[in-house]
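Engineer: This is the structure I have questions about; it appears just below.
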Amino acid sequence: MQTVVDSALEAPPDPRAYLERLNPEQREAVEHGLANAPAGPLLVIAGAGSGKTNVLAHRVAHLVAEGAHPGEILLLTFSRRAAEEMARRAERIVRQVAVGRPHLAGAKLAWAGTFHSIGVRLLRDYAPRIGLNPAFTIHDRDDSADLLNLVRHELGLADTGKRFPRKHTCLSIYSAVVNTLAPLGDVLQARFPWCLDFEDDLKRLFRAYVEAKQAQHVLDYDDLLLYWAQMIEVPALAAEIGARFDHVLVDEYQDTNALQASIVRALKPDGRGVTVVGDDAQSIYAFRGATVRNILDFPAQFTPPARIVTLERNYRSTQAILAAANGVIACATEGYAKALWSERESAERPQLVSVRDETDQAAFVIEDVLAKREAGIALKQQAVLFRASHHSATLEIELTRRNIPFVKFGGLKFLEAAHVKDVLAVLRWIENPRDRVAGFRVLQLLPGIGPKTAASVLDLIAGAEDVTMALGEARVPPAAAHGWQDFRGLVDALYKRALPWPAEFETIEAWYAPQLERLYDDAVVRQGDITQLQQIARTYPSRQRFLTELTLDPPDATSDEAGVPLRDEDYLILSTIHSAKGQEWAAVYLINAVDGCIPSDMATGNPQEIEEERRLLYVAMTRAKDHLQIVVPQRFYVTQQHGYGDRHVYAGRTRFIPPGMADLFATRVWPEAAAEAAASPPPSEVVELLSKMKAMWS
């Protein structure tokens, strides 16, 4: 008997035991092809809550376990956190099968990241071969808009006497053209029709903008993809870069734009070794240039067509919630057939809740949220979702009045805060003195220096070999003389790299402290952001890596605008549907479920827009695990309507839940007292009065 026990203890672990945790469809996707002989393209249609991340991580781990070199696997995602999570999971699985296989121990995925971060790495590697300065800096959206504005003024386009598009509109147009690969005229016609008269001027503006970026050795966010895509149009470079990766895996493929899809195809023209994972029913980012066509057309782009594996088992929601969501998306005009299912049975159907107006809507949500809290569902396990950020205004006022803590996803982004941009501008300018936007901002932080002096200093620097010598020759107003000496000392130390990183940041922080106090009334609050930025800086090995990574993946919000209640450990979640994608909560309230809100009256111009609005509703519904309330106000109070003044307008339930779907939902009228009064027969004296009123007109 003892021999049997010893034998069992000594039995080697099953090297493929990690696959036993997968359901049959997941395992089919994970085991597709052979690691040492990459198979044809694979499309995994991963329904909401079907374990997409788990499948992708297992597929990466399986490839490594079966012989693929970790350094030759390219994993592309849409957030750094997603890449890190999948890499961690994959590496953990590999460690489990590394017993007796020492070559697997310590396997690391060197090429896991967002499209933009991978683009930066490749561009720095190949910069000399494509005419780029390897020390290029990256502009965020605001910096790009500022540079566009400078070029706009230099070309005299702001003084034409016509309403030429403002800088952010110009940047949006430019970005749309780059990411969709569509002609400027088509983009203007579809998305910016009021700018059609300026097509020729916009072409001139964008040409000059590109020249300015090249002269200043800066790239904008879109350039990171555009340069990558154009680089692999060169056959020799395409073959060389494609050969670096045996396997290319892409997460959230339904969110790719035309430029990103072209990069994937150029890396692997025959599709061998390509795996893309996504869900056409969750394609909701057309406003960023994403197109559902990428995932719908993917199989037919290869010969033979890509293999399709569909994941329909949902591990998140109850079957009742899934039945309602399936009913909504089944009405879509096009898409991959799938019906999500779950082993989580529940007698509670999603509710369609009718309320009188937005005030009652807020009261209902708060009453129900607090009731669920008393039943044991924490506030942070409950979320209120809405199509547009302003839809929650009435609710926010009432939550504040009742002292109920909440966090709203959205608001001021960290890198958009003026004081954060000030500090980063100093670093960007030191890193690249030709960056005119950064230099313009930095110089005007000094007391006594305005736009004219700043421009003259930058002109002097542009033609100089040594920045510090040029600053010594610059003429500044007497009012700036004192601060100018301190500033020159700072630039001299940083430009000559007299200090190691991150001591450089601490030096800038010390120099900026008196500027912060002089420029902003709430300097104490803003200092918290600078301290947070310093802590982030310490996690990076160099100034260049810090600037690059922070631009590509910034923190969500500033300390004074983040919305997180510092004194409360529990808080309600408020979020737009777009921001909620990828999240889940025990209870979800979707408010303003009426035509005009969802679908938005701004997104019904063509069938494609309407279909995306349907997908938005589907995404909102599939965030709920146990409870789903869809709230339908019967009327809205509209102010300042031309010709009508302030008035109530009546709304109809969203067209995406037609009467034929009634059996998938439970209906409710709130407040219940009003519903009971409406349903009960009127007293006899009321009947008699009504009869008399009718008799008057007999």
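Just remember, in the structure tokens the first chain shown is A, the second B, etc., residues are 1-based per chain, and ligands are 1-based in the order shown.
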What lies within 12 Å of Leu56 in chain A using only C-alpha atoms, ignoring chain neighbours under 3 positions off, as a VMD selection string?
Structural biologist: chain A and resid 22 26 to 32 42 to 46 50 to 53 59 to 63 75 to 77 82 to 83 85 to 90 93 248 to 252 275 to 278
Engineer: Excluding range 150-160 of chain A and any residue of its chain fewer than 2 positions from it, enumerate the residues within 9 Å of it, using only C-alpha atoms, and give them as a PyMOL selection string.
Structural biologist: chain A and resi 145-148+162-167+201+204-206+208-209+212+437
Engineer: If you keep C-alpha atoms, can you produce a file of those selected residues as a tab-separated table (two decimals), in the first residue's frame?
Structural biologist:
```
chain	number	residue	atom	x	y	z
A	145	ALA	CA	-3.75	71.13	-30.92
A	146	ASP	CA	-1.49	73.97	-29.74
A	147	LEU	CA	1.04	73.29	-32.50
A	148	LEU	CA	-1.75	73.13	-35.07
A	162	LYS	CA	-14.64	83.36	-42.16
A	163	ARG	CA	-15.33	80.97	-39.30
A	164	PHE	CA	-12.29	78.74	-39.82
A	165	PRO	CA	-12.38	75.60	-37.61
A	166	ARG	CA	-10.76	75.96	-34.20
A	167	LYS	CA	-7.64	74.03	-33.23
A	201	ASP	CA	-7.15	75.35	-46.59
A	204	ARG	CA	-2.52	73.33	-46.60
A	205	LEU	CA	-2.74	73.45	-42.80
A	206	PHE	CA	-2.10	69.74	-42.35
A	208	ALA	CA	2.44	72.65	-42.79
A	209	TYR	CA	1.63	70.87	-39.50
A	212	ALA	CA	6.49	71.66	-38.30
A	437	VAL	CA	4.98	74.10	-28.06
```
Engineer: Near Leu237 in chain A, counting only C-alpha atoms, which residues have an atom at most 12 Å away, once you skip same-chain residues fewer than 5 positions from it, shown as a list of chain:residue names?
Structural biologist: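 So, after excluding close chain neighbours, the residues are A:Leu122, A:Leu123, A:Asp125, A:Tyr126, A:Ala127, A:Arg129, A:Ile130, A:Trp228, A:Ala229, A:Gln230, A:Met231, A:Ile232, A:Gly242, A:Ala243, A:Arg244, A:Ala266, A:Leu267.
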Engineer: Keeping only C-alpha atoms, write the selected residues as a compact mmCIF listing (two decimals), in the first residue's frame.
Structural biologist:
```txt
# COMPACT_ATOMS: atom_id res chain seq x y z
CA LEU A 122 9.76 49.94 -33.18
CA LEU A 123 10.08 53.54 -34.35
CA ASP A 125 14.66 50.96 -33.19
CA TYR A 126 14.28 51.86 -36.85
CA ALA A 127 14.35 55.68 -36.61
CA ARG A 129 16.49 54.05 -41.32
CA ILE A 130 13.25 55.99 -41.84
CA TRP A 228 4.67 52.31 -38.22
CA ALA A 229 2.20 51.58 -41.02
CA GLN A 230 4.24 53.49 -43.60
CA MET A 231 7.48 51.89 -42.40
CA ILE A 232 6.17 48.39 -43.14
CA GLY A 242 7.37 40.61 -39.64
CA ALA A 243 10.11 38.01 -39.16
CA ARG A 244 10.69 39.23 -35.60
CA ALA A 266 1.20 44.00 -43.25
CA LEU A 267 2.98 42.13 -40.44
```
Engineer: When DSSP is applied to the backbone of this structure, which of range 243-475 of chain A are assigned strand (DSSP E or B)? Write them out as a tab-separated table (two decimals) with N, CA, C and O atoms, in the first residue's frame.
Structural biologist:
```
chain	number	residue	atom	x	y	z
A	247	HIS	N	4.20	34.93	-33.88
A	247	HIS	CA	2.78	34.97	-33.53
A	247	HIS	C	2.39	36.41	-33.20
A	247	HIS	O	3.08	37.10	-32.46
A	248	VAL	N	1.26	36.83	-33.76
A	248	VAL	CA	0.70	38.15	-33.48
A	248	VAL	C	-0.71	37.95	-32.95
A	248	VAL	O	-1.56	37.36	-33.63
A	249	LEU	N	-0.96	38.41	-31.73
A	249	LEU	CA	-2.27	38.27	-31.11
A	249	LEU	C	-2.82	39.66	-30.81
A	249	LEU	O	-2.09	40.52	-30.27
A	250	VAL	N	-4.09	39.89	-31.14
A	250	VAL	CA	-4.70	41.21	-30.97
A	250	VAL	C	-5.96	41.08	-30.12
A	250	VAL	O	-6.85	40.29	-30.44
A	257	ASN	N	-9.00	50.52	-35.68
A	257	ASN	CA	-9.35	51.37	-36.81
A	257	ASN	C	-8.69	50.83	-38.07
A	257	ASN	O	-7.95	49.83	-38.03
A	274	VAL	N	-1.55	34.59	-36.82
A	274	VAL	CA	-2.37	35.72	-36.35
A	274	VAL	C	-3.61	35.21	-35.61
A	274	VAL	O	-4.35	34.36	-36.13
A	275	THR	N	-3.82	35.71	-34.41
A	275	THR	CA	-5.04	35.44	-33.64
A	275	THR	C	-5.65	36.78	-33.24
A	275	THR	O	-4.96	37.61	-32.62
A	276	VAL	N	-6.89	37.00	-33.60
A	276	VAL	CA	-7.58	38.21	-33.14
A	276	VAL	C	-8.80	37.79	-32.34
A	276	VAL	O	-9.49	36.83	-32.68
A	277	VAL	N	-9.03	38.53	-31.27
A	277	VAL	CA	-10.12	38.23	-30.34
A	277	VAL	C	-10.99	39.47	-30.20
A	277	VAL	O	-10.47	40.59	-30.06
A	278	GLY	N	-12.30	39.31	-30.23
A	278	GLY	CA	-13.18	40.46	-30.07
A	278	GLY	C	-14.63	40.06	-30.18
A	278	GLY	O	-14.97	38.88	-30.27
A	290	ALA	N	-12.67	53.73	-34.89
A	290	ALA	CA	-12.81	52.27	-34.95
A	290	ALA	C	-13.94	51.90	-35.91
A	290	ALA	O	-14.90	52.65	-36.07
A	307	ARG	N	-10.18	30.75	-39.49
A	307	ARG	CA	-11.04	29.89	-38.68
A	307	ARG	C	-11.75	30.74	-37.64
A	307	ARG	O	-11.16	31.67	-37.08
A	308	ILE	N	-13.01	30.43	-37.36
A	308	ILE	CA	-13.81	31.19	-36.38
A	308	ILE	C	-14.19	30.27	-35.24
A	308	ILE	O	-14.74	29.18	-35.45
A	309	VAL	N	-13.90	30.69	-34.02
A	309	VAL	CA	-14.35	29.99	-32.81
A	309	VAL	C	-15.20	30.98	-32.02
A	309	VAL	O	-14.75	32.10	-31.76
A	310	THR	N	-16.40	30.57	-31.64
A	310	THR	CA	-17.33	31.46	-30.93
A	310	THR	C	-17.47	31.04	-29.48
A	310	THR	O	-17.72	29.86	-29.19
A	311	LEU	N	-17.29	31.99	-28.57
A	311	LEU	CA	-17.44	31.74	-27.13
A	311	LEU	C	-18.78	32.34	-26.69
A	311	LEU	O	-18.95	33.55	-26.72
A	313	ARG	N	-20.60	30.94	-23.77
A	313	ARG	CA	-20.90	30.74	-22.34
A	313	ARG	C	-20.46	31.97	-21.56
A	313	ARG	O	-19.30	32.39	-21.62
A	341	TRP	N	-25.23	32.33	-22.98
A	341	TRP	CA	-25.98	31.53	-22.00
A	341	TRP	C	-25.15	31.41	-20.73
A	341	TRP	O	-23.93	31.60	-20.73
A	351	GLN	N	-35.72	44.78	-15.21
A	351	GLN	CA	-36.92	45.61	-15.06
A	351	GLN	C	-36.90	46.80	-16.01
A	351	GLN	O	-35.86	47.44	-16.21
A	352	LEU	N	-38.06	47.07	-16.61
A	352	LEU	CA	-38.30	48.33	-17.31
A	352	LEU	C	-39.10	49.20	-16.36
A	352	LEU	O	-40.26	48.90	-16.06
A	353	VAL	N	-38.47	50.26	-15.87
A	353	VAL	CA	-39.09	51.09	-14.83
A	353	VAL	C	-39.54	52.42	-15.44
A	353	VAL	O	-38.72	53.20	-15.94
A	354	SER	N	-40.82	52.68	-15.43
A	354	SER	CA	-41.36	53.95	-15.92
A	354	SER	C	-41.45	54.95	-14.78
A	354	SER	O	-41.99	54.64	-13.71
A	355	VAL	N	-40.91	56.15	-15.02
A	355	VAL	CA	-40.99	57.23	-14.04
A	355	VAL	C	-41.50	58.47	-14.75
A	355	VAL	O	-41.46	58.56	-15.98
A	382	GLN	N	-22.57	48.71	-7.33
A	382	GLN	CA	-23.72	49.18	-8.09
A	382	GLN	C	-23.27	50.33	-9.00
A	382	GLN	O	-22.44	51.15	-8.62
A	383	ALA	N	-23.83	50.37	-10.21
A	383	ALA	CA	-23.42	51.40	-11.16
A	383	ALA	C	-24.63	51.97	-11.88
A	383	ALA	O	-25.57	51.25	-12.22
A	384	VAL	N	-24.59	53.28	-12.10
A	384	VAL	CA	-25.60	53.97	-12.90
A	384	VAL	C	-24.93	54.34	-14.22
A	384	VAL	O	-23.92	55.05	-14.23
A	385	LEU	N	-25.48	53.85	-15.32
A	385	LEU	CA	-24.90	54.07	-16.64
A	385	LEU	C	-25.78	55.01	-17.46
A	385	LEU	O	-27.00	55.03	-17.29
A	386	PHE	N	-25.15	55.73	-18.38
A	386	PHE	CA	-25.89	56.69	-19.20
A	386	PHE	C	-25.14	56.89	-20.50
A	386	PHE	O	-23.93	56.65	-20.60
A	406	PHE	N	-20.23	59.33	-4.39
A	406	PHE	CA	-20.23	58.70	-5.71
A	406	PHE	C	-18.96	59.07	-6.46
A	406	PHE	O	-18.30	60.06	-6.16
A	407	VAL	N	-18.63	58.25	-7.43
A	407	VAL	CA	-17.51	58.51	-8.33
A	407	VAL	C	-18.05	58.50	-9.75
A	407	VAL	O	-18.78	57.59	-10.13
A	408	LYS	N	-17.70	59.51	-10.52
A	408	LYS	CA	-18.14	59.57	-11.91
A	408	LYS	C	-16.94	59.33	-12.81
A	408	LYS	O	-15.94	60.04	-12.72
A	409	PHE	N	-17.03	58.31	-13.66
A	409	PHE	CA	-15.95	58.04	-14.59
A	409	PHE	C	-16.00	59.06	-15.71
A	409	PHE	O	-16.98	59.18	-16.43
```
Engineer: Compile the contact shell of Ala68 in chain A as number ranges by chain: residues with an atom at most 12 Å away, counting only C-alpha atoms, same-chain residues fewer than 2 positions apart removed.
Structural biologist: A: 33-38, 59-66, 70-74, 94, 103-104, 107-109, 245-248, 273
Engineer: Taking the chain letters and numbering used in this document, name the residues of range 390-505 of chain A that DSSP puts in alpha helix (DSSP H), as a PyMOL selection string.
Structural biologist: chain A and resi 393-401+418-431+436-443+451-462+467-473+481-495+503-505
Engineer: One decimal, in Å: what's the spacing between CA of Val187 in chain A and CA of Arg436 in chain A?
Structural biologist: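 Pair CA of Val187 in chain A / CA of Arg436 in chain A returns 29.2 Å.
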Engineer: Work out how far apart CA of Glu240 in chain A and CA of Asp222 in chain A are and give it in Å to one decimal.
Structural biologist: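 Between CA of Glu240 in chain A and CA of Asp222 in chain A the gap is 23.2 Å.
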Engineer: Would you kindly return, as a ChimeraX atom specification, each protein, DNA or RNA residue with an atom no farther than 10 Å from any atom of Gln527 in chain A, considering only C-alpha atoms and excluding same-chain residues fewer than 6 positions away?
Structural biologist: /A:419-420,509,513,516-517,533,559
Engineer: So how far away is CA of Glu549 in chain A from CA of Ile530 in chain A, in Å?
Structural biologist: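 Computing the Euclidean distance for CA of Ile530 in chain A and CA of Glu549 in chain A yields 16.9 Å.
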Engineer: Between A:Asp529, A:Asp140, A:Asp422, A:Asp663, which has the minimum distance to Tyr512 in chain A (counting only C-alpha atoms)?
Structural biologist: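 Ranked by minimum distance to Tyr512 in chain A, first place goes to A:Asp422.
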Engineer: Can you pull out every residue within 10 Å of Leu490 in chain A, counting only C-alpha atoms, but drop anything in the same chain fewer than 3 positions away, and send it as a PyMOL selection string?
Structural biologist: chain A and resi 426+430+468+484-487+493-495+504+507-508+511
Engineer: Could you write out the selected residues, including C-alpha atoms, as a PDB file, in the first residue's frame?
Structural biologist:
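Done, and the output landed in selection_32.pdb:
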```
ATOM      1  CA  VAL A 426       9.826  71.576 -18.804  1.00  0.00           C
ATOM      2  CA  ILE A 430      14.814  69.767 -22.014  1.00  0.00           C
ATOM      3  CA  THR A 468      22.470  77.032 -22.637  1.00  0.00           C
ATOM      4  CA  TRP A 484      15.785  84.299 -15.633  1.00  0.00           C
ATOM      5  CA  GLN A 485      19.035  83.526 -13.811  1.00  0.00           C
ATOM      6  CA  ASP A 486      17.414  80.735 -11.776  1.00  0.00           C
ATOM      7  CA  PHE A 487      15.827  79.362 -14.924  1.00  0.00           C
ATOM      8  CA  ALA A 493      21.893  71.361 -15.053  1.00  0.00           C
ATOM      9  CA  LEU A 494      19.221  69.375 -16.873  1.00  0.00           C
ATOM     10  CA  TYR A 495      20.485  69.853 -20.410  1.00  0.00           C
ATOM     11  CA  GLU A 504      16.046  65.732 -12.342  1.00  0.00           C
ATOM     12  CA  THR A 507      15.000  69.681  -9.179  1.00  0.00           C
ATOM     13  CA  ILE A 508      12.218  70.794 -11.523  1.00  0.00           C
ATOM     14  CA  TRP A 511      12.042  75.285  -9.221  1.00  0.00           C
TER      15      TRP A 511
END
```
Engineer: When you look at Pro502 in chain A with a cut-off of 7 Å (counting only C-alpha atoms), what residues show up, excluding the ones that are within fewer than 2 positions of it in the same chain? I need them as a list in words.
Structural biologist: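 Near neighbours after the sequence-gap exclusion: Pro500, Glu504, Phe505, Glu506, Ala537 and Arg538 of chain A.
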